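Working notes, beginning with the structure itself.
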Amino acid sequence: MKTLTRFKELFEHPYQAASEWKLHNKGKVIGTLPMYFPDEIIYAAGALPVTLFGNDNEPITLGDKHLMTNACHQVRSSFDCLLKGHFDFLDGMAALHVCDQVRFFFEVWHLDHPFPFFHEMWRPYKLHDTSRSLLENELIRLISALEEFTNNKITPEALKNSIDIYNRSRAMMRKLNQLRSEAPGIISAQDMVHVVATALLMPREEHNQLLEQLLTELESTASAEDKRIRVIAVGHPCDPPDDELLQLIEDQGLVIVDDDFFTGGRYFAEDIDAKKDPVKAFVDYYMDSIPCTTYHYADNWKGEINNTSPYAEYIIDKVKKGQAAGVVVLRLMYCDPLDLEFVLLKNRLNEENISYLSLFTESGTGSSEALRTRIQAFAETL
Amino acid sequence: METKEWKVGARLESQKRLGGLIADHYKSAREIEITREKPVAWVSTMAPAEILWAMDFCVQYPEAYAATSGARHVAHGHCEITEQRGYEHHLCTYCRNSIGATIGVQEGMEIFEPLAKPDFLLVTNNTCILITKWWEHLSHYWKVPLVSIDCPVLLPGMDEREAVKHVKSQCLDLIRFLENFTGKKFDYDKLQEVVTNAKNSSDNYRGMLEKNKNIPAPATYFDIMGHNFPNLALRYMPEAAEHYRLLNLELDQRIKDQVVPFENMKYRIYWDGLPYWFAIRQLSEKLKSLGMCLITSTYFEIFAYDKLDPANPLDSVAETTALAFFSRSVDFKAKATLQIFKDYKLDAGIFAYAMSCKPSSITMRYVSDFIQKNLGTPMTMIEGDLVDETFYDAERNNMKLQALAEMLESMKK
């Protein structure tokens, strides 16, 4: 399909669209680290936000001279890309502290390789009303910093417009996901990742046009019955899962009908409320967020201790809604938040009699044959 | 360093008193576990424990317990239990130790004297973000409530007063919760009394650290590191300040008499990172053989509660929690470390990378390079972990320390 091929090309050349945008528009490009940075605010300032994913296809050669190898691949690979000059097209950098690794890595980056614009933002780890005021101040601080850097006033109208564009993008992604759930195989897992990941790499309006085109193409496509077993794929916070691994899963008699990747279901699960005051809408977005391994849900821990992993319940709900037979958990080596939460997740999946397969996906390690055998064995148990 | 007039001292007398204080603390907690005369709380190191002491809680520290488990060489047993449950080997070893010890107690696999069982948990994320998840797991296993206090990293451009305000509102929320939990009204006079004691203790603790500015140093880092414990766990009692007062008198006497901790003390060394608890003796002997005296470390800042103020008890507790050293930026820490090198007249630095502790390790190279660029002092980086011995290669680290000593020797010529 022509549009899917275009998404694949964009995915394979992740920063080309942004570089071209910069050349033609003389605008500023700001790199953001996954996850959850409010890109809409950068867009409202007339700059282009680009999420930096590192590079799975290139060995880490320079990054490991600066960071020990027990940091996750996303962090080390991004730093490696920086040192190799892959991010030279950027005018600035911004990130939320989603985990300890991102925090400290970003701080070192700031000091060692400064950009004209560098912004760190604190998103309270604790989801509770006591966090709202600080988060609101942090969003206002971000807006002020961007206004000063871009020399553009970020008006409430500009923010609303940006939110509308991004909400439209997420709505179309949800529609695409719904199509996938209703007609498994209509879009492959890796194509789905390409669609979502590229939205984070290029001007969103252009991406929206492509996505609209894709939906039109898919809606007019008659899908054959897919006899593969329905599964949910979760994990891989931050960067996109490996294309070959996703294909390997779907080649072994399994079909992914929903996922919780950051470059997937997690990204488009929720919108920013365009009807509210924009800053307050962002505060609500973060404070009422879908369960994540990087959040602490304060109210869950004060009374009877029953729901110790809202994340696990969220995944179980996905499994049920997706009528899936099992869960494939893709785990990036050294991802502390997911590794800790995984223990609670697997316990809950066992309690619910939901089969799961946990795969570590550190780039460049392990043979695909070993993975194939494990996936085949999992498919057989289903 | 001139060594002709120096005399080698015996072990610090205060070590015995420290041993007694620690033993009494744990004995009392175990008695409370049986009598249930007061609730037991497990608390993270930089949490506002003053609030709990004011409500007459028995406060226990899983991180200190992990350190003790490491020093007693039993941590690997706790860690193995967690790994069998699906916890990854690379996760924080303090965390794996305390979860393993918890499961051990609950399932009859106890391998070391446990902490008194908790009724309540309190955590702050001013050491790291992961610690809140660790405490969530403790709550999961013990089925007791958990309150967390979110402490923002003090980012460039952030108004520190907002951070303090944010923490104070959570302290008030904690107080409301505890009033409901215990059925007792919070006693602000008791808080003032606790803060007064804690302030005295902290001032004397800071005094102890600064004794090593003297040349020659009256004690090594290894001699005084255990004395963190009173200011961590006992600062609410007058006995903690008294302990430091007596220790400082002892150190002052050593300074007056030019008494040093070991013979052939040649170099004043900085230690960055948390201790490798299981390797204290081995490292101590090795460094001694090389004439290297560990003088100080930013690790001590974890236990410094300098901002406490009896005139403003709750505000100062919030300030102490919000403005903790480890909530500061890397830039701040690098500059603070540089100042320590100057103030303590240090000759070199050892950066102790901890495989499972990313917060204490990821920025080490930057801080080390920063000092080296500014002062030209030699640095080395060794590898290990806080309590998990499996990552530790003594010979490899010895070679690095040897090389550092040789570099220092050549610089003298």
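Following the order of the structure tokens, chains are lettered A, B, ..., residues in each are numbered from 1, and ligands are numbered from 1.
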Give me, as a compact mmCIF listing (two decimals) with all heavy atoms, in the first residue's frame, all polymer residues having an atom no more than 7 Å from Leu357 of chain A, counting only C-alpha atoms and skipping those fewer than 4 positions away in the same chain.
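Here's the written file selection.txt:
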# COMPACT_ATOMS: atom_id res chain seq x y z
N VAL A 327 -0.64 -12.20 26.09
CA VAL A 327 0.10 -10.94 26.07
C VAL A 327 1.57 -11.21 25.75
O VAL A 327 2.17 -12.12 26.32
CB VAL A 327 0.04 -10.25 27.46
CG1 VAL A 327 0.76 -8.91 27.44
CG2 VAL A 327 -1.39 -10.06 27.92
N VAL A 328 2.12 -10.43 24.86
CA VAL A 328 3.57 -10.49 24.62
C VAL A 328 4.16 -9.23 25.26
O VAL A 328 3.76 -8.11 24.91
CB VAL A 328 3.91 -10.53 23.12
CG1 VAL A 328 5.42 -10.58 22.92
CG2 VAL A 328 3.24 -11.72 22.45
N VAL A 329 5.07 -9.43 26.20
CA VAL A 329 5.69 -8.29 26.89
C VAL A 329 7.09 -8.09 26.32
O VAL A 329 7.95 -8.97 26.43
CB VAL A 329 5.78 -8.54 28.42
CG1 VAL A 329 6.25 -7.27 29.13
CG2 VAL A 329 4.45 -9.01 28.98
N PHE A 378 5.16 -20.31 22.64
CA PHE A 378 4.08 -19.53 23.25
C PHE A 378 2.79 -19.69 22.43
O PHE A 378 1.70 -19.93 22.97
CB PHE A 378 4.50 -18.06 23.34
CG PHE A 378 3.44 -17.14 23.88
CD1 PHE A 378 2.95 -17.31 25.17
CD2 PHE A 378 2.92 -16.11 23.09
CE1 PHE A 378 1.97 -16.45 25.67
CE2 PHE A 378 1.95 -15.26 23.58
CZ PHE A 378 1.47 -15.44 24.88
Determine which residues of segment 49-249 of chain A DSSP labels as alpha helix (DSSP H) from the backbone of this structure, then write them out as a compact mmCIF listing (two decimals) with N, CA and C atoms, in the first residue's frame.
# COMPACT_ATOMS: atom_id res chain seq x y z
N HIS A 73 19.18 1.02 26.42
CA HIS A 73 19.63 1.25 25.05
C HIS A 73 19.16 2.60 24.53
N GLN A 74 17.94 2.96 24.86
CA GLN A 74 17.39 4.23 24.39
C GLN A 74 18.28 5.40 24.82
N VAL A 75 18.69 5.36 26.08
CA VAL A 75 19.51 6.44 26.62
C VAL A 75 20.92 6.41 25.98
N ARG A 76 21.51 5.22 25.94
CA ARG A 76 22.89 5.14 25.42
C ARG A 76 22.93 5.44 23.92
N SER A 77 21.93 4.92 23.22
CA SER A 77 21.91 5.10 21.77
C SER A 77 21.65 6.57 21.42
N SER A 78 20.77 7.21 22.17
CA SER A 78 20.51 8.64 21.90
C SER A 78 21.78 9.45 22.12
N PHE A 79 22.49 9.12 23.20
CA PHE A 79 23.72 9.85 23.49
C PHE A 79 24.76 9.58 22.39
N ASP A 80 24.78 8.35 21.92
CA ASP A 80 25.69 7.96 20.84
C ASP A 80 25.36 8.76 19.58
N CYS A 81 24.08 8.87 19.26
CA CYS A 81 23.65 9.64 18.08
C CYS A 81 24.08 11.10 18.22
N LEU A 82 23.94 11.62 19.43
CA LEU A 82 24.33 13.00 19.68
C LEU A 82 25.83 13.18 19.39
N LEU A 83 26.63 12.27 19.94
CA LEU A 83 28.09 12.39 19.78
C LEU A 83 28.52 12.20 18.33
N ASP A 100 14.97 7.79 36.31
CA ASP A 100 16.27 8.27 36.79
C ASP A 100 17.29 8.36 35.64
N GLN A 101 17.22 7.39 34.73
CA GLN A 101 18.21 7.38 33.66
C GLN A 101 18.06 8.60 32.77
N VAL A 102 16.82 8.88 32.38
CA VAL A 102 16.59 10.05 31.52
C VAL A 102 17.03 11.31 32.24
N ARG A 103 16.70 11.40 33.53
CA ARG A 103 17.06 12.58 34.29
C ARG A 103 18.57 12.84 34.25
N PHE A 104 19.34 11.83 34.64
CA PHE A 104 20.77 12.07 34.80
C PHE A 104 21.49 12.18 33.46
N PHE A 105 21.03 11.37 32.52
CA PHE A 105 21.61 11.42 31.18
C PHE A 105 21.37 12.80 30.56
N PHE A 106 20.16 13.30 30.75
CA PHE A 106 19.81 14.60 30.16
C PHE A 106 20.60 15.72 30.81
N GLU A 107 20.83 15.58 32.10
CA GLU A 107 21.61 16.61 32.80
C GLU A 107 23.04 16.66 32.28
N VAL A 108 23.60 15.46 32.05
CA VAL A 108 24.97 15.42 31.52
C VAL A 108 25.00 16.02 30.12
N TRP A 109 24.01 15.66 29.34
CA TRP A 109 23.89 16.18 27.97
C TRP A 109 23.89 17.72 28.01
N HIS A 110 23.06 18.24 28.90
CA HIS A 110 22.93 19.70 29.04
C HIS A 110 24.29 20.36 29.27
N LEU A 111 25.08 19.73 30.13
CA LEU A 111 26.35 20.34 30.51
C LEU A 111 27.44 20.10 29.48
N ASP A 112 27.45 18.91 28.91
CA ASP A 112 28.53 18.53 28.00
C ASP A 112 28.30 19.01 26.56
N ARG A 132 -0.85 19.26 41.55
CA ARG A 132 -1.37 20.07 40.44
C ARG A 132 -0.70 21.44 40.32
N SER A 133 -0.55 22.10 41.47
CA SER A 133 -0.03 23.46 41.44
C SER A 133 1.40 23.49 40.88
N LEU A 134 2.22 22.55 41.33
CA LEU A 134 3.61 22.52 40.85
C LEU A 134 3.65 22.23 39.35
N LEU A 135 2.82 21.31 38.92
CA LEU A 135 2.82 20.96 37.50
C LEU A 135 2.37 22.15 36.65
N GLU A 136 1.39 22.87 37.14
CA GLU A 136 0.92 24.05 36.42
C GLU A 136 2.07 25.06 36.28
N ASN A 137 2.81 25.25 37.36
CA ASN A 137 3.96 26.17 37.31
C ASN A 137 5.01 25.68 36.32
N GLU A 138 5.20 24.39 36.27
CA GLU A 138 6.19 23.83 35.35
C GLU A 138 5.77 24.06 33.89
N LEU A 139 4.49 23.92 33.63
CA LEU A 139 4.00 24.15 32.26
C LEU A 139 4.14 25.63 31.89
N ILE A 140 3.86 26.50 32.84
CA ILE A 140 4.00 27.95 32.58
C ILE A 140 5.48 28.29 32.35
N ARG A 141 6.35 27.63 33.12
CA ARG A 141 7.80 27.86 32.95
C ARG A 141 8.25 27.43 31.55
N LEU A 142 7.70 26.31 31.09
CA LEU A 142 8.03 25.82 29.74
C LEU A 142 7.55 26.82 28.68
N ILE A 143 6.32 27.29 28.85
CA ILE A 143 5.76 28.24 27.88
C ILE A 143 6.63 29.51 27.81
N SER A 144 7.00 30.01 28.97
CA SER A 144 7.84 31.23 29.00
C SER A 144 9.17 30.99 28.31
N ALA A 145 9.77 29.85 28.59
CA ALA A 145 11.09 29.56 28.00
C ALA A 145 10.98 29.45 26.48
N LEU A 146 9.92 28.82 26.01
CA LEU A 146 9.75 28.67 24.56
C LEU A 146 9.46 30.02 23.90
N GLU A 147 8.66 30.84 24.57
CA GLU A 147 8.36 32.16 24.01
C GLU A 147 9.64 32.99 23.85
N GLU A 148 10.47 32.90 24.86
CA GLU A 148 11.72 33.67 24.83
C GLU A 148 12.64 33.15 23.72
N PHE A 149 12.70 31.84 23.58
CA PHE A 149 13.61 31.25 22.59
C PHE A 149 13.13 31.48 21.16
N THR A 150 11.83 31.28 20.94
CA THR A 150 11.32 31.38 19.56
C THR A 150 10.91 32.82 19.20
N PRO A 156 -3.34 31.56 24.05
CA PRO A 156 -4.28 30.45 24.30
C PRO A 156 -4.86 29.91 22.99
N GLU A 157 -5.06 30.80 22.00
CA GLU A 157 -5.62 30.36 20.72
C GLU A 157 -4.63 29.44 20.00
N ALA A 158 -3.36 29.86 20.02
CA ALA A 158 -2.34 29.03 19.36
C ALA A 158 -2.26 27.66 20.02
N LEU A 159 -2.36 27.66 21.34
CA LEU A 159 -2.30 26.38 22.07
C LEU A 159 -3.51 25.50 21.74
N LYS A 160 -4.67 26.14 21.70
CA LYS A 160 -5.89 25.38 21.39
C LYS A 160 -5.80 24.79 19.98
N ASN A 161 -5.29 25.61 19.06
CA ASN A 161 -5.15 25.13 17.69
C ASN A 161 -4.20 23.93 17.62
N SER A 162 -3.10 24.05 18.34
CA SER A 162 -2.13 22.96 18.36
C SER A 162 -2.74 21.69 18.98
N ILE A 163 -3.45 21.90 20.09
CA ILE A 163 -4.10 20.75 20.75
C ILE A 163 -5.08 20.08 19.79
N ASP A 164 -5.82 20.91 19.05
CA ASP A 164 -6.79 20.35 18.08
C ASP A 164 -6.08 19.47 17.03
N ILE A 165 -4.97 19.99 16.54
CA ILE A 165 -4.23 19.24 15.50
C ILE A 165 -3.73 17.90 16.06
N TYR A 166 -3.19 17.94 17.27
CA TYR A 166 -2.66 16.72 17.87
C TYR A 166 -3.80 15.76 18.28
N ASN A 167 -4.91 16.34 18.76
CA ASN A 167 -6.05 15.48 19.11
C ASN A 167 -6.59 14.77 17.87
N ARG A 168 -6.62 15.51 16.77
CA ARG A 168 -7.11 14.91 15.52
C ARG A 168 -6.19 13.75 15.13
N SER A 169 -4.91 13.97 15.30
CA SER A 169 -3.93 12.92 15.00
C SER A 169 -4.21 11.69 15.85
N ARG A 170 -4.39 11.91 17.15
CA ARG A 170 -4.61 10.77 18.06
C ARG A 170 -5.94 10.08 17.76
N ALA A 171 -6.93 10.89 17.40
CA ALA A 171 -8.24 10.29 17.09
C ALA A 171 -8.12 9.37 15.88
N MET A 172 -7.37 9.81 14.88
CA MET A 172 -7.21 8.96 13.68
C MET A 172 -6.41 7.69 14.03
N MET A 173 -5.45 7.84 14.91
CA MET A 173 -4.67 6.65 15.33
C MET A 173 -5.58 5.66 16.05
N ARG A 174 -6.46 6.20 16.89
CA ARG A 174 -7.39 5.31 17.61
C ARG A 174 -8.30 4.59 16.61
N LYS A 175 -8.71 5.33 15.57
CA LYS A 175 -9.58 4.73 14.55
C LYS A 175 -8.81 3.60 13.84
N LEU A 176 -7.56 3.88 13.55
CA LEU A 176 -6.73 2.86 12.90
C LEU A 176 -6.59 1.63 13.79
N ASN A 177 -6.41 1.88 15.06
CA ASN A 177 -6.27 0.77 16.02
C ASN A 177 -7.57 -0.04 16.10
N GLN A 178 -8.66 0.69 16.01
CA GLN A 178 -9.97 0.02 16.05
C GLN A 178 -10.14 -0.87 14.82
N LEU A 179 -9.70 -0.35 13.69
CA LEU A 179 -9.76 -1.14 12.45
C LEU A 179 -8.93 -2.41 12.61
N ARG A 180 -7.76 -2.25 13.21
CA ARG A 180 -6.87 -3.40 13.41
C ARG A 180 -7.51 -4.44 14.32
N SER A 181 -8.21 -3.95 15.33
CA SER A 181 -8.84 -4.88 16.26
C SER A 181 -10.01 -5.61 15.59
N GLU A 182 -10.74 -4.87 14.75
CA GLU A 182 -11.90 -5.47 14.08
C GLU A 182 -11.49 -6.38 12.93
N ALA A 189 1.85 -5.12 12.67
CA ALA A 189 2.30 -4.46 13.91
C ALA A 189 3.39 -3.44 13.62
N GLN A 190 4.31 -3.80 12.71
CA GLN A 190 5.40 -2.84 12.45
C GLN A 190 4.89 -1.62 11.69
N ASP A 191 3.92 -1.82 10.79
CA ASP A 191 3.35 -0.66 10.09
C ASP A 191 2.63 0.25 11.08
N MET A 192 1.96 -0.36 12.04
CA MET A 192 1.26 0.45 13.05
C MET A 192 2.28 1.30 13.82
N VAL A 193 3.39 0.70 14.18
CA VAL A 193 4.44 1.45 14.89
C VAL A 193 4.99 2.57 14.00
N HIS A 194 5.18 2.26 12.72
CA HIS A 194 5.69 3.30 11.80
C HIS A 194 4.75 4.51 11.78
N VAL A 195 3.45 4.22 11.74
CA VAL A 195 2.47 5.31 11.66
C VAL A 195 2.58 6.21 12.90
N VAL A 196 2.62 5.58 14.08
CA VAL A 196 2.62 6.39 15.30
C VAL A 196 3.98 7.08 15.49
N ALA A 197 5.05 6.34 15.28
CA ALA A 197 6.38 6.91 15.52
C ALA A 197 6.65 8.09 14.59
N THR A 198 6.23 7.99 13.35
CA THR A 198 6.52 9.09 12.41
C THR A 198 5.75 10.36 12.77
N ALA A 199 4.63 10.20 13.47
CA ALA A 199 3.89 11.40 13.92
C ALA A 199 4.76 12.23 14.84
N ARG A 204 2.96 17.78 12.34
CA ARG A 204 1.79 16.93 12.61
C ARG A 204 0.70 17.11 11.54
N GLU A 205 0.57 18.32 11.01
CA GLU A 205 -0.48 18.50 9.99
C GLU A 205 -0.20 17.66 8.75
N GLU A 206 1.08 17.60 8.37
CA GLU A 206 1.45 16.77 7.21
C GLU A 206 1.18 15.31 7.52
N HIS A 207 1.50 14.92 8.75
CA HIS A 207 1.28 13.54 9.15
C HIS A 207 -0.21 13.22 9.14
N ASN A 208 -1.00 14.19 9.59
CA ASN A 208 -2.45 13.99 9.60
C ASN A 208 -2.99 13.72 8.19
N GLN A 209 -2.44 14.45 7.22
CA GLN A 209 -2.89 14.24 5.83
C GLN A 209 -2.58 12.82 5.38
N LEU A 210 -1.38 12.38 5.68
CA LEU A 210 -0.99 11.01 5.29
C LEU A 210 -1.87 9.98 5.99
N LEU A 211 -2.13 10.25 7.27
CA LEU A 211 -2.91 9.29 8.06
C LEU A 211 -4.36 9.22 7.55
N GLU A 212 -4.88 10.37 7.17
CA GLU A 212 -6.23 10.41 6.63
C GLU A 212 -6.29 9.58 5.33
N GLN A 213 -5.26 9.76 4.54
CA GLN A 213 -5.13 9.01 3.28
C GLN A 213 -5.09 7.51 3.56
N LEU A 214 -4.32 7.14 4.56
CA LEU A 214 -4.19 5.72 4.90
C LEU A 214 -5.53 5.14 5.35
N LEU A 215 -6.21 5.90 6.19
CA LEU A 215 -7.51 5.40 6.68
C LEU A 215 -8.48 5.19 5.52
N THR A 216 -8.47 6.12 4.57
CA THR A 216 -9.34 5.98 3.40
C THR A 216 -8.99 4.71 2.63
N GLU A 217 -7.69 4.51 2.46
CA GLU A 217 -7.24 3.31 1.72
C GLU A 217 -7.67 2.03 2.44
N LEU A 218 -7.46 2.03 3.77
CA LEU A 218 -7.76 0.81 4.53
C LEU A 218 -9.25 0.54 4.60
N GLU A 219 -10.02 1.62 4.72
CA GLU A 219 -11.47 1.44 4.84
C GLU A 219 -12.07 0.87 3.56
N ASP A 243 11.40 -3.77 14.20
CA ASP A 243 10.52 -4.23 13.11
C ASP A 243 10.55 -5.74 12.94
N GLU A 244 11.78 -6.28 12.92
CA GLU A 244 11.92 -7.72 12.66
C GLU A 244 11.28 -8.55 13.76
N LEU A 245 11.40 -8.07 15.00
CA LEU A 245 10.81 -8.81 16.11
C LEU A 245 9.28 -8.82 15.99
N LEU A 246 8.72 -7.68 15.64
CA LEU A 246 7.26 -7.62 15.50
C LEU A 246 6.81 -8.57 14.38
N GLN A 247 7.60 -8.57 13.31
CA GLN A 247 7.24 -9.47 12.20
C GLN A 247 7.37 -10.93 12.62
N LEU A 248 8.42 -11.20 13.39
CA LEU A 248 8.64 -12.57 13.88
C LEU A 248 7.43 -13.03 14.69
N ILE A 249 6.92 -12.15 15.51
CA ILE A 249 5.75 -12.50 16.34
C ILE A 249 4.55 -12.80 15.43
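Residue nearest Ser148 of chain B within the list A:Gly326, A:Gly92, A:Pro124, A:Gly85: A:Pro124 [criterion: smallest interatomic distance, only C-alpha atoms].
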Residue nearest chain A - candidates B:Gly104, B:Pro313, B:Pro359, B:Gly20, atoms counted: only C-alpha atoms =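 Selected residue with least distance to chain A: B:Pro359.
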Among the residues A:Gly303, A:Pro116, A:Pro291, A:Pro310, the one that comes closest to chain B [using only C-alpha atoms] =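 Between A:Gly303, A:Pro116, A:Pro291, A:Pro310, the residue approaching chain B most closely is A:Gly303.
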Contacts of segment 54-62 of chain B at 6 Å or less, counting only C-alpha atoms, minus same-chain residues fewer than 2 places along, as a list of chain:residue names?
->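 Contacts, with the query itself left out: B:Lys38, B:Pro39, B:Val40, B:Ala41, B:Trp42, B:Val43, B:Ile51, B:Leu52, B:Ala64, B:Tyr65, B:Lys190, B:Leu191.
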So that each row is one residue of segment 48-148 of chain A with an atom at most 10 Å from segment 26-37 of chain A, can you give its shortest atom pair and the distance in Å to one decimal, using only C-alpha atoms, rows by chain and rising number, as a tab-separated table?
residue	atom	partner	partner_atom	distance
A:Leu48	CA	A:Val29	CA	4.7
A:Pro49	CA	A:Ile30	CA	4.9
A:Val50	CA	A:Gly31	CA	4.7
A:Thr51	CA	A:Thr32	CA	4.8
A:Leu52	CA	A:Leu33	CA	5.6
A:Phe53	CA	A:Leu33	CA	7.5
A:Gly54	CA	A:Leu33	CA	9.7
A:Gln74	CA	A:Pro34	CA	9.2
A:Val75	CA	A:Leu33	CA	9.1
A:Ser78	CA	A:Leu33	CA	8.9
A:Phe87	CA	A:Gly31	CA	8.3
A:Phe89	CA	A:Val29	CA	7.5
A:Leu90	CA	A:Val29	CA	5.3
A:Asp91	CA	A:Val29	CA	5.4
A:Gly92	CA	A:Ile30	CA	4.5
A:Met93	CA	A:Gly31	CA	4.7
A:Ala94	CA	A:Thr32	CA	4.8
A:Ala95	CA	A:Leu33	CA	5.1
A:Leu96	CA	A:Phe37	CA	5.9
A:His97	CA	A:Met35	CA	8.8
A:Val98	CA	A:Met35	CA	6.8
A:Cys99	CA	A:Met35	CA	9.7
A:Val102	CA	A:Leu33	CA	8.0
A:Phe106	CA	A:Leu33	CA	8.8
A:Phe115	CA	A:Ile30	CA	9.7
A:Phe117	CA	A:Ile30	CA	8.0
A:Phe118	CA	A:Ile30	CA	8.9
A:His119	CA	A:Thr32	CA	9.4
A:Glu120	CA	A:Thr32	CA	9.9
A:Met121	CA	A:Phe37	CA	8.6
A:Arg123	CA	A:Tyr36	CA	9.3
So that each row is one residue of chain A with an atom at most 6 Å from chain B, can you give its shortest atom pair and the distance in Å to one decimal, using only C-alpha atoms, rows by chain and rising number, as CSV?
residue,atom,partner,partner_atom,distance
A:Asp100,CA,B:Ile129,CA,5.8
A:Lys126,CA,B:Asp150,CA,5.9
A:Trp301,CA,B:Leu146,CA,5.2
A:Lys302,CA,B:Pro145,CA,4.8
A:Ile305,CA,B:Lys143,CA,5.5
A:Thr308,CA,B:His140,CA,6.0
A:Val343,CA,B:Gly86,CA,5.8
As a VMD selection string, list the residues of segment 90-281 of chain A assigned to strand (DSSP E or B) by DSSP on the backbone atoms of this structure.
-> chain A and resid 92 to 96 117 to 121 126 to 127 229 to 235 254 to 259
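In this structure, atom CA of Asn374 of chain B sits 14.8 Å away from atom CA of Phe332 of chain B.
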Excluding Leu404 of chain B and residues on its chain fewer than 3 positions from it, collect all residues at most 8 Å away from it, counting only C-alpha atoms, and give them as a PDB file with all heavy atoms, in the first residue's frame.
ATOM      1  N   PRO B 378      44.307  13.820  39.976  1.00  0.00           N
ATOM      2  CA  PRO B 378      44.017  12.541  39.324  1.00  0.00           C
ATOM      3  C   PRO B 378      42.780  11.872  39.915  1.00  0.00           C
ATOM      4  O   PRO B 378      42.466  12.058  41.084  1.00  0.00           O
ATOM      5  CB  PRO B 378      45.267  11.709  39.601  1.00  0.00           C
ATOM      6  CG  PRO B 378      45.928  12.335  40.757  1.00  0.00           C
ATOM      7  CD  PRO B 378      45.517  13.773  40.804  1.00  0.00           C
ATOM      8  N   MET B 379      42.107  11.129  39.077  1.00  0.00           N
ATOM      9  CA  MET B 379      40.881  10.439  39.476  1.00  0.00           C
ATOM     10  C   MET B 379      40.938   9.002  38.985  1.00  0.00           C
ATOM     11  O   MET B 379      41.561   8.717  37.969  1.00  0.00           O
ATOM     12  CB  MET B 379      39.652  11.089  38.808  1.00  0.00           C
ATOM     13  CG  MET B 379      39.511  12.553  39.047  1.00  0.00           C
ATOM     14  SD  MET B 379      38.984  12.884  40.722  1.00  0.00           S
ATOM     15  CE  MET B 379      39.089  14.665  40.713  1.00  0.00           C
ATOM     16  N   THR B 380      40.208   8.155  39.661  1.00  0.00           N
ATOM     17  CA  THR B 380      40.020   6.814  39.113  1.00  0.00           C
ATOM     18  C   THR B 380      38.575   6.403  39.348  1.00  0.00           C
ATOM     19  O   THR B 380      37.912   6.921  40.237  1.00  0.00           O
ATOM     20  CB  THR B 380      40.990   5.794  39.744  1.00  0.00           C
ATOM     21  OG1 THR B 380      40.956   4.604  38.960  1.00  0.00           O
ATOM     22  CG2 THR B 380      40.593   5.432  41.172  1.00  0.00           C
ATOM     23  N   LYS B 400      43.407  -0.550  39.725  1.00  0.00           N
ATOM     24  CA  LYS B 400      43.100   0.863  39.462  1.00  0.00           C
ATOM     25  C   LYS B 400      43.588   1.741  40.617  1.00  0.00           C
ATOM     26  O   LYS B 400      44.103   2.842  40.398  1.00  0.00           O
ATOM     27  CB  LYS B 400      41.598   1.040  39.259  1.00  0.00           C
ATOM     28  CG  LYS B 400      41.101   0.450  37.959  1.00  0.00           C
ATOM     29  CD  LYS B 400      39.636   0.775  37.771  1.00  0.00           C
ATOM     30  CE  LYS B 400      39.165   0.290  36.416  1.00  0.00           C
ATOM     31  NZ  LYS B 400      37.761   0.594  36.175  1.00  0.00           N
ATOM     32  N   LEU B 401      43.426   1.241  41.835  1.00  0.00           N
ATOM     33  CA  LEU B 401      43.873   2.019  43.001  1.00  0.00           C
ATOM     34  C   LEU B 401      45.396   2.117  43.022  1.00  0.00           C
ATOM     35  O   LEU B 401      45.971   3.159  43.352  1.00  0.00           O
ATOM     36  CB  LEU B 401      43.338   1.375  44.286  1.00  0.00           C
ATOM     37  CG  LEU B 401      41.802   1.362  44.416  1.00  0.00           C
ATOM     38  CD1 LEU B 401      41.366   0.599  45.661  1.00  0.00           C
ATOM     39  CD2 LEU B 401      41.238   2.782  44.450  1.00  0.00           C
ATOM     40  N   MET B 407      50.400   7.259  40.205  1.00  0.00           N
ATOM     41  CA  MET B 407      50.281   8.589  39.593  1.00  0.00           C
ATOM     42  C   MET B 407      50.551   9.673  40.638  1.00  0.00           C
ATOM     43  O   MET B 407      51.277  10.640  40.378  1.00  0.00           O
ATOM     44  CB  MET B 407      48.876   8.739  39.022  1.00  0.00           C
ATOM     45  CG  MET B 407      48.767   9.861  38.004  1.00  0.00           C
ATOM     46  SD  MET B 407      47.095  10.058  37.421  1.00  0.00           S
ATOM     47  CE  MET B 407      46.778   8.493  36.669  1.00  0.00           C
ATOM     48  N   LEU B 408      50.013   9.480  41.818  1.00  0.00           N
ATOM     49  CA  LEU B 408      50.225  10.461  42.886  1.00  0.00           C
ATOM     50  C   LEU B 408      51.698  10.526  43.270  1.00  0.00           C
ATOM     51  O   LEU B 408      52.254  11.607  43.507  1.00  0.00           O
ATOM     52  CB  LEU B 408      49.357  10.106  44.102  1.00  0.00           C
ATOM     53  CG  LEU B 408      47.859  10.420  43.951  1.00  0.00           C
ATOM     54  CD1 LEU B 408      47.042   9.687  45.005  1.00  0.00           C
ATOM     55  CD2 LEU B 408      47.614  11.924  44.051  1.00  0.00           C
TER      56      LEU B 408
END
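Shell of Val231 of chain A at 9 Å, with only C-alpha atoms counted and residues fewer than 5 places along the chain excluded, is A:Leu254, A:Val255, A:Ile256, A:Val257, A:Asp258, A:Asp259, A:Val319, A:Gly322, A:Gln323, A:Ala324, A:Ala325, A:Gly326, A:Val327, A:Val328.
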